[in-house]
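File shown here: entry-v9.txt, holding compact mmCIF, C-alpha atoms and all ligand atoms.
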```txt
# COMPACT_ATOMS: atom_id res chain seq x y z
CA MET N 3 109.88 31.03 -5.92
CA GLU N 4 108.19 28.70 -3.46
CA LYS N 5 105.77 31.45 -2.52
CA ASN N 6 104.67 31.92 -6.16
CA GLU N 7 104.28 28.21 -6.57
CA ASN N 8 101.95 28.09 -3.59
CA GLU N 9 99.93 31.01 -4.88
CA SER N 10 99.25 29.36 -8.21
CA LYS N 11 97.86 26.27 -6.47
CA ILE N 12 94.16 25.53 -6.24
CA LYS N 13 93.26 26.17 -2.60
CA LEU N 14 90.57 23.94 -1.22
CA ILE N 15 88.01 23.75 1.52
CA VAL N 16 87.24 20.03 1.43
CA PHE N 17 84.13 18.24 2.67
CA GLU N 18 85.06 14.56 2.87
CA PHE N 19 81.69 12.87 3.37
CA PHE N 20 81.66 9.17 4.42
CA SER N 21 85.38 9.57 5.11
CA GLY N 22 86.10 6.03 6.43
CA ILE N 23 89.85 5.60 6.87
CA GLY N 24 90.52 8.54 4.57
CA GLY N 25 91.09 7.09 1.10
CA MET N 26 90.01 10.37 -0.47
CA HIS N 27 92.33 12.40 1.78
CA GLU N 28 95.20 10.03 1.02
CA SER N 29 94.61 10.51 -2.74
CA LEU N 30 94.36 14.31 -2.39
CA ASN N 31 97.70 14.37 -0.56
CA LYS N 32 99.34 13.07 -3.71
CA ILE N 33 98.06 15.91 -5.93
CA THR N 34 100.72 18.54 -6.38
CA ASN N 35 98.74 21.47 -7.79
CA ILE N 36 96.38 21.83 -4.82
CA LYS N 37 96.67 23.08 -1.27
CA ILE N 38 94.21 21.86 1.34
CA GLU N 39 93.24 24.91 3.41
CA LYS N 40 90.72 22.96 5.44
CA ILE N 41 89.43 19.40 5.29
CA ILE N 42 86.33 18.33 7.18
CA PRO N 43 85.79 14.54 7.29
CA TYR N 44 82.40 13.11 8.32
CA ASP N 45 81.83 9.54 9.50
CA ILE N 46 79.91 7.79 12.23
CA ASN N 47 82.10 4.71 12.52
CA ILE N 48 84.29 4.77 15.63
CA ASN N 49 87.04 2.55 14.22
CA SER N 50 87.25 4.51 10.96
CA ASN N 51 87.48 7.74 12.89
CA LEU N 52 90.22 6.41 15.17
CA THR N 53 92.20 5.29 12.15
CA TYR N 54 91.63 8.59 10.37
CA LYS N 55 92.80 10.58 13.40
CA PHE N 56 95.83 8.27 13.82
CA ASN N 57 97.01 8.95 10.28
CA PHE N 58 95.91 12.49 9.46
CA ASN N 59 95.77 13.99 12.93
CA ILE N 60 92.28 15.29 12.24
CA GLU N 61 89.22 14.15 14.13
CA PRO N 62 86.33 13.40 11.76
CA LYS N 63 82.95 14.84 12.67
CA SER N 64 81.22 11.91 14.24
CA ILE N 65 77.67 12.95 13.39
CA THR N 66 75.25 11.46 10.92
CA ILE N 67 75.57 13.34 7.66
CA GLU N 68 71.80 13.86 7.57
CA SER N 69 72.11 15.98 10.69
CA LEU N 70 74.25 18.55 8.85
CA THR N 71 71.81 21.33 7.99
CA LEU N 72 72.07 23.62 4.99
CA GLU N 73 72.60 26.53 7.40
CA ASN N 74 75.46 24.72 9.18
CA TYR N 75 77.09 23.77 5.90
CA GLU N 76 77.02 27.36 4.68
CA LYS N 77 78.23 28.66 8.03
CA ILE N 78 81.21 26.28 7.95
CA ILE N 79 82.16 27.61 4.54
CA GLU N 80 81.81 31.24 5.54
CA GLU N 81 83.91 30.71 8.67
CA ASN N 82 86.65 28.92 6.81
CA TYR N 83 86.56 31.43 4.01
CA LYS N 84 87.28 34.17 6.55
CA ASN N 85 90.33 32.28 7.80
CA VAL N 86 92.08 32.24 4.43
CA ASN N 87 94.01 35.44 3.83
CA ASN N 88 94.38 35.30 0.08
CA LYS N 89 91.11 34.18 -1.40
CA ASN N 90 92.37 33.95 -4.97
CA ASN N 91 92.01 30.44 -6.28
CA LEU N 92 90.01 29.33 -3.25
CA PHE N 93 87.45 26.64 -4.04
CA ILE N 94 85.17 24.05 -2.46
CA LEU N 95 85.61 20.31 -3.05
CA TRP N 96 83.15 17.60 -2.05
CA THR N 97 84.35 13.99 -1.95
CA MET N 98 82.08 11.09 -1.11
CA SER N 99 81.86 7.30 -1.03
CA PRO N 100 78.27 6.70 0.11
CA PRO N 101 77.36 3.24 1.48
CA CYS N 102 77.27 0.91 -1.48
CA GLN N 103 75.04 -1.90 -0.15
CA PRO N 104 71.83 -0.35 -1.59
CA PHE N 105 73.39 -0.55 -5.07
CA THR N 106 75.22 -3.88 -5.13
CA ARG N 107 73.98 -6.65 -7.38
CA GLN N 108 73.79 -9.03 -4.41
CA GLY N 109 72.02 -6.50 -2.15
CA ASN N 110 68.33 -5.68 -1.75
CA LYS N 111 68.55 -3.19 -4.67
CA LYS N 112 66.38 -0.73 -2.75
CA GLU N 113 68.73 2.03 -3.87
CA LEU N 114 67.33 5.38 -2.67
CA GLU N 115 64.56 3.65 -0.72
CA ASP N 116 67.17 1.98 1.49
CA ASN N 117 67.77 3.72 4.84
CA ARG N 118 71.49 3.69 4.12
CA SER N 119 70.81 6.18 1.29
CA ILE N 120 69.24 8.79 3.58
CA ALA N 121 72.54 10.64 3.97
CA PHE N 122 73.17 10.66 0.22
CA LYS N 123 69.68 12.03 -0.49
CA HIS N 124 70.22 14.65 2.19
CA LEU N 125 73.45 15.77 0.54
CA MET N 126 71.73 15.98 -2.84
CA ASN N 127 69.11 18.17 -1.19
CA ILE N 128 71.84 20.48 0.16
CA LEU N 129 73.39 20.61 -3.31
CA ASN N 130 70.04 21.57 -4.76
CA LYS N 131 69.58 24.49 -2.38
CA THR N 132 72.98 25.84 -1.44
CA LYS N 133 74.56 29.03 -2.68
CA TYR N 134 77.91 27.21 -2.23
CA PHE N 135 77.64 24.45 -4.81
CA PRO N 136 81.08 22.77 -4.72
CA ASN N 137 83.42 23.84 -7.51
CA TYR N 138 84.89 20.33 -7.59
CA PHE N 139 83.21 17.03 -6.84
CA ILE N 140 84.20 13.35 -6.79
CA LEU N 141 82.10 10.29 -5.89
CA GLU N 142 83.08 6.64 -5.68
CA ASN N 143 80.69 3.72 -5.54
CA VAL N 144 80.12 0.17 -6.76
CA LYS N 145 79.35 -0.93 -10.27
CA ASN N 146 75.57 -0.62 -10.77
CA PHE N 147 75.38 2.80 -9.14
CA GLU N 148 75.51 4.11 -12.72
CA ASN N 149 72.10 2.51 -13.41
CA SER N 150 70.44 3.79 -10.26
CA LYS N 151 68.14 6.68 -9.47
CA ALA N 152 70.97 8.02 -7.31
CA SER N 153 73.25 8.62 -10.28
CA ALA N 154 70.32 10.04 -12.26
CA MET N 155 69.75 12.49 -9.40
CA LEU N 156 73.40 13.52 -9.39
CA ILE N 157 73.49 13.99 -13.15
CA GLU N 158 70.33 16.08 -13.09
CA LEU N 159 71.83 18.39 -10.46
CA PHE N 160 75.02 18.87 -12.43
CA ASN N 161 73.10 19.42 -15.68
CA ASN N 162 70.82 22.00 -14.03
CA LYS N 163 73.84 23.79 -12.69
CA LYS N 164 75.48 23.60 -16.14
CA TYR N 165 78.53 21.98 -14.59
CA ASP N 166 80.59 19.50 -16.55
CA PHE N 167 81.02 15.90 -15.39
CA LEU N 168 82.49 12.56 -16.44
CA GLN N 169 81.60 9.04 -15.38
CA PHE N 170 83.95 6.05 -15.20
CA LEU N 171 83.97 2.36 -14.44
CA LEU N 172 87.53 1.43 -13.62
CA SER N 173 89.53 -1.27 -11.90
CA PRO N 174 93.06 -1.01 -10.43
CA LEU N 175 94.06 -3.78 -12.88
CA GLN N 176 93.86 -1.12 -15.59
CA PHE N 177 96.47 0.84 -13.65
CA ASN N 178 98.90 -2.07 -13.49
CA ILE N 179 97.96 -3.00 -9.95
CA PRO N 180 97.45 -6.77 -9.46
CA ASN N 181 94.08 -6.37 -7.75
CA SER N 182 90.60 -6.17 -9.13
CA ARG N 183 88.15 -3.63 -7.68
CA LEU N 184 85.75 -2.45 -10.35
CA ARG N 185 84.18 0.81 -9.19
CA TYR N 186 82.00 3.63 -10.52
CA TYR N 187 83.41 7.16 -10.33
CA PHE N 188 81.76 10.50 -11.01
CA ILE N 189 83.85 13.65 -11.25
CA GLY N 190 82.28 17.05 -11.77
CA ARG N 191 83.38 20.66 -11.92
CA GLU N 192 82.40 24.12 -13.03
CA LYS N 193 84.96 24.27 -15.80
CA LYS N 194 84.61 22.12 -18.95
CA PHE N 195 86.78 19.03 -19.16
CA LEU N 196 88.82 19.73 -22.27
CA ASN N 197 89.41 17.08 -24.93
CA PHE N 198 86.52 15.00 -23.73
CA LYS N 199 84.07 14.85 -26.54
CA ASN N 200 82.11 11.84 -25.41
CA ASN N 201 78.48 12.00 -24.45
CA ARG N 202 78.32 12.72 -20.72
CA ASN N 203 75.97 9.79 -20.21
CA ASP N 204 78.58 7.39 -21.54
CA ILE N 205 80.57 5.55 -18.93
CA ILE N 206 84.29 5.62 -19.67
CA ASN N 207 85.81 2.23 -19.01
CA ASN N 208 89.34 2.67 -20.26
CA THR N 209 92.37 4.66 -19.13
CA GLU N 210 93.16 6.17 -22.55
CA LEU N 211 91.38 9.41 -21.74
CA ILE N 212 92.94 9.74 -18.31
CA ASP N 213 96.48 9.76 -19.52
CA LYS N 214 97.42 9.00 -23.08
CA ASN N 215 100.90 8.02 -21.98
CA PHE N 216 99.74 5.54 -19.40
CA PRO N 217 101.78 2.35 -19.86
CA ILE N 218 99.11 -0.25 -20.28
CA SER N 219 99.45 -3.98 -19.89
CA CYS N 220 102.52 -4.21 -17.75
CA ILE N 221 100.91 -5.42 -14.56
CA ILE N 222 103.57 -6.69 -12.23
CA ASP N 223 103.20 -9.86 -10.23
CA ILE N 224 102.00 -9.85 -6.64
CA LYS N 225 105.44 -10.78 -5.31
CA THR N 226 107.07 -7.71 -6.84
CA PHE N 227 104.10 -5.46 -6.16
CA LEU N 228 104.08 -6.28 -2.44
CA SER N 229 107.91 -6.29 -2.20
CA TYR N 230 107.39 -9.75 -0.73
CA ASN N 231 110.08 -10.96 1.61
CA GLU N 232 110.21 -14.68 2.39
CA ASN N 233 111.92 -14.03 5.72
CA ASP N 234 108.82 -12.21 7.00
CA GLU N 235 106.66 -15.29 6.54
CA LYS N 236 107.43 -16.60 10.01
CA ASN N 237 105.68 -13.51 11.46
CA LYS N 238 102.49 -14.24 9.59
CA LYS N 239 101.44 -17.53 11.16
CA GLU N 240 98.19 -16.03 12.52
CA PHE N 241 97.04 -15.46 8.94
CA TYR N 242 97.43 -19.11 7.84
CA LEU N 243 94.27 -21.06 7.00
CA THR N 244 93.55 -23.60 9.68
CA GLU N 245 92.43 -27.15 9.02
CA LYS N 246 88.97 -26.15 10.27
CA ILE N 247 88.67 -23.47 7.59
CA LEU N 248 90.09 -25.73 4.88
CA ASN N 249 87.52 -28.38 5.76
CA LYS N 250 84.61 -26.01 5.26
CA GLU N 251 82.35 -26.58 2.27
CA SER N 252 82.76 -22.94 1.24
CA SER N 253 86.54 -23.37 1.02
CA LYS N 254 86.00 -25.44 -2.13
CA SER N 255 85.18 -22.21 -3.92
CA MET N 256 87.94 -20.04 -2.50
CA ASP N 257 90.02 -18.04 -4.93
CA LEU N 258 93.66 -19.03 -4.67
CA THR N 259 96.30 -16.74 -6.03
CA LEU N 260 100.07 -17.20 -6.27
CA LEU N 261 102.89 -14.77 -5.62
CA GLU N 262 103.62 -15.10 -9.33
CA SER N 263 100.02 -14.14 -10.29
CA LYS N 264 99.21 -10.80 -11.79
CA SER N 265 95.79 -10.42 -10.24
CA SER N 266 93.82 -10.95 -7.06
CA ASN N 267 90.12 -10.65 -6.32
CA CYS N 268 88.55 -7.63 -4.71
CA PHE N 269 88.93 -7.64 -0.91
CA THR N 270 85.55 -6.98 0.70
CA LYS N 271 84.65 -6.09 4.26
CA ASN N 272 83.88 -9.77 4.85
CA TYR N 273 87.42 -10.91 4.06
CA THR N 274 88.45 -13.81 6.36
CA ARG N 275 84.92 -13.96 7.80
CA LEU N 276 83.57 -15.46 4.58
CA ILE N 277 85.76 -17.46 2.26
CA LYS N 278 83.70 -17.34 -0.92
CA GLY N 279 83.77 -14.10 -2.90
CA SER N 280 85.43 -11.97 -0.23
CA GLY N 281 88.95 -11.77 -1.70
CA SER N 282 91.83 -13.97 -2.79
CA ILE N 283 93.83 -16.29 -0.60
CA LEU N 284 97.57 -16.54 -1.06
CA LEU N 285 98.99 -19.94 -1.97
CA LEU N 286 102.68 -19.94 -1.19
CA ASN N 287 103.64 -23.05 -3.11
CA LYS N 288 102.76 -23.08 -6.79
CA GLU N 289 103.21 -26.84 -7.05
CA LYS N 290 100.09 -27.15 -4.93
CA TYR N 291 98.00 -25.01 -7.26
CA ASN N 292 96.19 -27.84 -8.98
CA ASN N 293 95.95 -29.97 -5.92
CA MET N 294 92.31 -30.75 -5.28
CA GLU N 295 92.92 -32.03 -1.79
CA LEU N 296 92.27 -28.87 0.25
CA LYS N 297 93.60 -30.41 3.45
CA SER N 298 97.04 -30.65 1.88
CA LEU N 299 97.15 -26.86 1.55
CA LYS N 300 97.57 -26.44 5.28
CA GLY N 301 100.77 -24.52 5.93
CA TYR N 302 100.82 -23.17 2.39
CA THR N 303 97.73 -20.96 2.32
CA ARG N 304 97.13 -17.73 4.14
CA PHE N 305 95.02 -14.61 4.08
CA PHE N 306 96.67 -11.48 2.81
CA THR N 307 97.51 -9.32 5.83
CA PRO N 308 95.84 -5.91 6.41
CA LYS N 309 99.22 -4.30 5.61
CA GLU N 310 99.32 -6.13 2.26
CA ILE N 311 95.76 -5.05 1.45
CA LEU N 312 96.70 -1.45 2.26
CA LYS N 313 99.43 -1.87 -0.33
CA PHE N 314 97.01 -3.26 -2.93
CA LEU N 315 94.84 -0.20 -2.25
CA CYS N 316 97.95 1.97 -2.79
CA PHE N 317 97.99 3.67 0.58
CA ASN N 318 101.36 5.09 1.63
CA ASP N 319 103.72 2.67 3.34
CA ASN N 320 103.54 4.73 6.51
CA PHE N 321 99.73 4.41 6.79
CA GLU N 322 98.92 2.41 9.91
CA PHE N 323 96.02 1.21 12.00
CA PRO N 324 95.86 2.07 15.70
CA GLU N 325 97.52 -0.68 17.70
CA ASN N 326 94.43 -1.91 19.54
CA LEU N 327 92.33 -2.42 16.41
CA SER N 328 91.76 -6.14 15.74
CA ASN N 329 92.61 -7.68 12.36
CA LYS N 330 88.89 -8.29 11.85
CA SER N 331 88.13 -4.58 12.29
CA GLN N 332 91.00 -3.66 9.97
CA TYR N 333 89.73 -5.97 7.20
CA LYS N 334 86.27 -4.43 7.57
CA LEU N 335 87.58 -0.91 7.15
CA LEU N 336 89.81 -1.89 4.24
CA GLY N 337 86.92 -3.61 2.46
CA ASN N 338 84.96 -0.38 2.62
CA SER N 339 87.82 1.78 1.42
CA LEU N 340 89.02 2.62 -2.09
CA ASN N 341 91.97 2.37 -4.41
CA VAL N 342 94.05 5.49 -3.83
CA LYS N 343 95.93 5.27 -7.13
CA VAL N 344 92.74 5.16 -9.22
CA VAL N 345 91.20 8.06 -7.30
CA PHE N 346 94.47 9.98 -7.59
CA GLU N 347 94.44 9.58 -11.41
CA LEU N 348 90.86 10.88 -11.51
CA MET N 349 91.68 13.77 -9.18
CA LYS N 350 94.56 14.78 -11.47
CA LEU N 351 91.99 15.08 -14.22
CA LEU N 352 89.58 16.95 -11.96
CA PHE N 353 92.17 19.61 -11.08
CA ASN N 354 93.74 19.79 -14.52
CA ASN N 355 93.16 22.93 -16.52
C1 LIG N 401 81.97 2.96 1.66
S1 LIG N 401 82.52 3.56 3.19
C2 LIG N 401 83.61 4.85 2.68
C3 LIG N 401 85.04 4.54 2.98
C4 LIG N 401 86.06 5.60 2.64
N1 LIG N 401 86.00 6.02 1.28
C5 LIG N 401 87.45 5.10 2.93
O1 LIG N 401 88.40 5.41 2.23
O2 LIG N 401 87.62 4.36 3.92
C6 LIG N 401 81.12 4.42 3.79
C7 LIG N 401 81.35 5.12 5.13
O3 LIG N 401 80.23 5.95 5.40
C8 LIG N 401 79.95 5.92 6.78
N2 LIG N 401 78.53 6.27 6.91
C9 LIG N 401 77.47 5.57 6.48
N3 LIG N 401 76.32 6.22 6.70
C10 LIG N 401 76.65 7.39 7.31
C11 LIG N 401 75.91 8.50 7.78
N4 LIG N 401 74.57 8.51 7.69
N5 LIG N 401 76.57 9.53 8.33
C12 LIG N 401 77.92 9.51 8.44
N6 LIG N 401 78.70 8.48 8.00
C13 LIG N 401 78.07 7.44 7.43
C14 LIG N 401 80.29 4.50 7.21
O4 LIG N 401 80.62 4.46 8.59
C15 LIG N 401 81.49 4.17 6.31
O5 LIG N 401 82.71 4.44 6.96
```

Using structure tokens, write down the structure that the file contains.
Ligand SMILES: C[S@@+](CC[C@H](N)C(=O)[O-])C[C@H]1O[C@@H](n2cnc3c(N)ncnc32)[C@H](O)[C@@H]1O
Amino acid sequence: MEKNENESKIKLIVFEFFSGIGGMHESLNKITNIKIEKIIPYDININSNLTYKFNFNIEPKSITIESLTLENYEKIIEENYKNVNNKNNLFILWTMSPPCQPFTRQGNKKELEDNRSIAFKHLMNILNKTKYFPNYFILENVKNFENSKASAMLIELFNNKKYDFLQFLLSPLQFNIPNSRLRYYFIGREKKFLNFKNNRNDIINNTELIDKNFPISCIIDIKTFLSYNENDEKNKKEFYLTEKILNKESSKSMDLTLLESKSSNCFTKNYTRLIKGSGSILLLNKEKYNNMELKSLKGYTRFFTPKEILKFLCFNDNFEFPENLSNKSQYKLLGNSLNVKVVFELMKLLFNN
């Protein structure tokens, strides 16, 4: 019985480009109708790669993506293909979260002209030439990517190949997670997405199409979501805002959120380094919420811990950072990562018949 079940699964050779701490891998692990035959993560960041190895026991390829040649890419596929005995249902998946700075509203808006887009352009070039165009594809990026030449390039490739694709702008809040992280997603595959009659250039910004039965509007509060335990608070003193921070001019515009709140702001890679716009700060006493005197918040305000942010991003409870990685490094990696639940919902759609 188990053997048949395995044989009906979609078998995958996965290229996880810009793998970071492995948000894409984490989401794939939750999909039940696939079997990962081989996953090859690529990233140049040492701390991401250490964290990836720590959790998935796979060492990402620490080379710049632009140094992967078309010949190497095709050779990797052929070698891995040989290693799979039963080649029925064996497919290629590409996942990618290219650097988003060239596309952010606050950034230089150089898009494809930005050096940080070299790797993305290189991958589009491989896609254009390869005989192994991936059967499945998923990309995550910031809002605004949808208006860039990069997304136009991607769409043109998929149109030329006569592959189907869908585009989304979604936030975890729409999936009942009390955290906002509006992101652009592109999913593409050989087979038509059934029941999707919208124009492919439209950006889908609701969850109706993902799962008609999705229970909308029952976001739970942060306290319940994080399974908050008051007794743990004594172990979190290092995350409390100091008087020095509270006295800063920028602290006047910090976003305070309560345990009873049903939302928090997006946590960026600058969380704790910058106060304004980098993510919410937890206020532990709701009576203080309207108190304008910031100094009086000392002892009641703290940063969310990396573990709590992992939870907002819906990583498994057993996901951990290597012991010697500083909190600052952990926040940086988390800010670059993705919401696993949202990607999981999109992957379900991608692998659905
Ligand atoms: C937006 S983050 C992706 C994070 C990932 N999705 C996760 O779950 O953590 C982009 C990643 O691409 C990596 N990167 C950027 N340029 C690269 C390049 N040219 N070659 C390889 N990796 C690169 C960065 O080190 C960073 O970890």

Inset, instruction - Give me, please, the distance in Å between atom CA of Leu352 of chain N and atom CA of Tyr138 of chain N, quoted to one decimal. - result: 7.2 Å

Draw an axis-aligned box tight on the listed atoms of ligand LIG 401 (chain N), then pad every side by 6 Å and write out centre and edge lengths in Å to one decimal as lines of an AutoDock Vina configuration file.
```
center_x = 81.5
center_y = 6.2
center_z = 4.9
size_x = 25.8
size_y = 18.6
size_z = 19.3
```

Inset, instruction - Give the residues close to ligand LIG 401 (chain N), within 7 Å, counting all atoms listed in the file; write them as JSON, numbers by chain. - result: {"N": [20, 21, 22, 23, 24, 25, 26, 44, 45, 46, 47, 50, 65, 66, 67, 68, 98, 99, 100, 101, 102, 118, 120, 121, 335, 336, 338, 339, 340]}

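Proximity ranking of N:Val342, N:Leu30, N:Leu171, N:Leu141 relative to Asn208 of chain N places N:Leu171 first, based on only C-alpha atoms.
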
Inset, instruction - Take atom CA of Leu125 of chain N and atom CA of Asn51 of chain N and report the distance between them in Å, one decimal. - result: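 Separating atom CA of Leu125 of chain N from atom CA of Asn51 of chain N is a distance of 20.3 Å.
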
Inset, instruction - To one decimal in Å, tell me the separation between atom CA of Ile277 of chain N and atom CA of Val344 of chain N. - result: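 Rounded to one decimal, the two atoms are 26.3 Å apart.
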
Inset, instruction - Skip Tyr333 of chain N itself and residues of its chain fewer than 2 positions away, then list as a ChimeraX atom specification all residues within 12 Å of it, counting all atoms listed in the file. - result: /N:23,49-50,269-276,280-281,305-312,323,327-331,335-339

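Each of N:Leu296, N:Leu95, N:Cys316, N:Ile157 was checked against Pro43 of chain N using only C-alpha atoms; the smallest atom-to-atom distance is that of N:Leu95.
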
Legend entry - Close residues, Tyr242 of chain N itself excluded, 9 Å, all atoms listed in the file, min 6 positions apart in chain, as a list of chain:residue names: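 After dropping sequence-adjacent residues, the list is N:Lys300, N:Gly301, N:Tyr302, N:Thr303, N:Arg304, N:Phe305.
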
Any chance you could tabulate, as a tab-separated table, the residues of segment 97-186 of chain N at most 12 Å from segment 83-92 of chain N with each one's nearest atom pair and distance in Å to one decimal, using all atoms listed in the file, in chain and rising number order?
```
residue	atom	partner	partner_atom	distance
N:Tyr134	CA	N:Tyr83	CA	11.5
N:Pro136	CA	N:Leu92	CA	11.2
N:Asn137	CA	N:Leu92	CA	9.6
N:Tyr138	CA	N:Leu92	CA	11.2
```

I need the residues from that last selection saved to file as an mmCIF file, in the frame of the given file (with C-alpha atoms), if you can.
```
data_model
loop_
_atom_site.group_PDB
_atom_site.id
_atom_site.type_symbol
_atom_site.label_atom_id
_atom_site.label_comp_id
_atom_site.auth_asym_id
_atom_site.auth_seq_id
_atom_site.Cartn_x
_atom_site.Cartn_y
_atom_site.Cartn_z
ATOM 1 C CA TYR N 134 77.910 27.210 -2.230
ATOM 2 C CA PRO N 136 81.080 22.770 -4.720
ATOM 3 C CA ASN N 137 83.420 23.840 -7.510
ATOM 4 C CA TYR N 138 84.890 20.330 -7.590
#
```

Inset, instruction - Quick one: everything within 9 Å of Thr34 of chain N, counting all atoms listed in the file, minus sequence neighbours fewer than 3 positions away in the same chain. Send it as a PyMOL selection string. - result: chain N and resi 11+30-31+37+350

Legend entry - Nearest to Phe314 of chain N by atom-to-atom distance, counting all atoms listed in the file, from N:Ser64, N:Thr226, N:Asn231, N:Asn35: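 Among the listed residues, N:Thr226 lies closest to Phe314 of chain N.
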
Inset, instruction - Return the single residue from N:Lys145, N:Lys264, N:Lys55, N:Lys32 that is closest to Tyr187 of chain N, with distances computed using all atoms listed in the file. - result: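 Among N:Lys145, N:Lys264, N:Lys55, N:Lys32, it is N:Lys145 that comes nearest to Tyr187 of chain N.
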
Inset, instruction - Within 6 Å of (83.6, 3.1, -16.2) (coordinates as in the file), grab all the protein and nucleic acid residues, counting all atoms listed in the file, and write them out as an NGL selection string. - result: :N and (170-172 or 186 or 205-207)
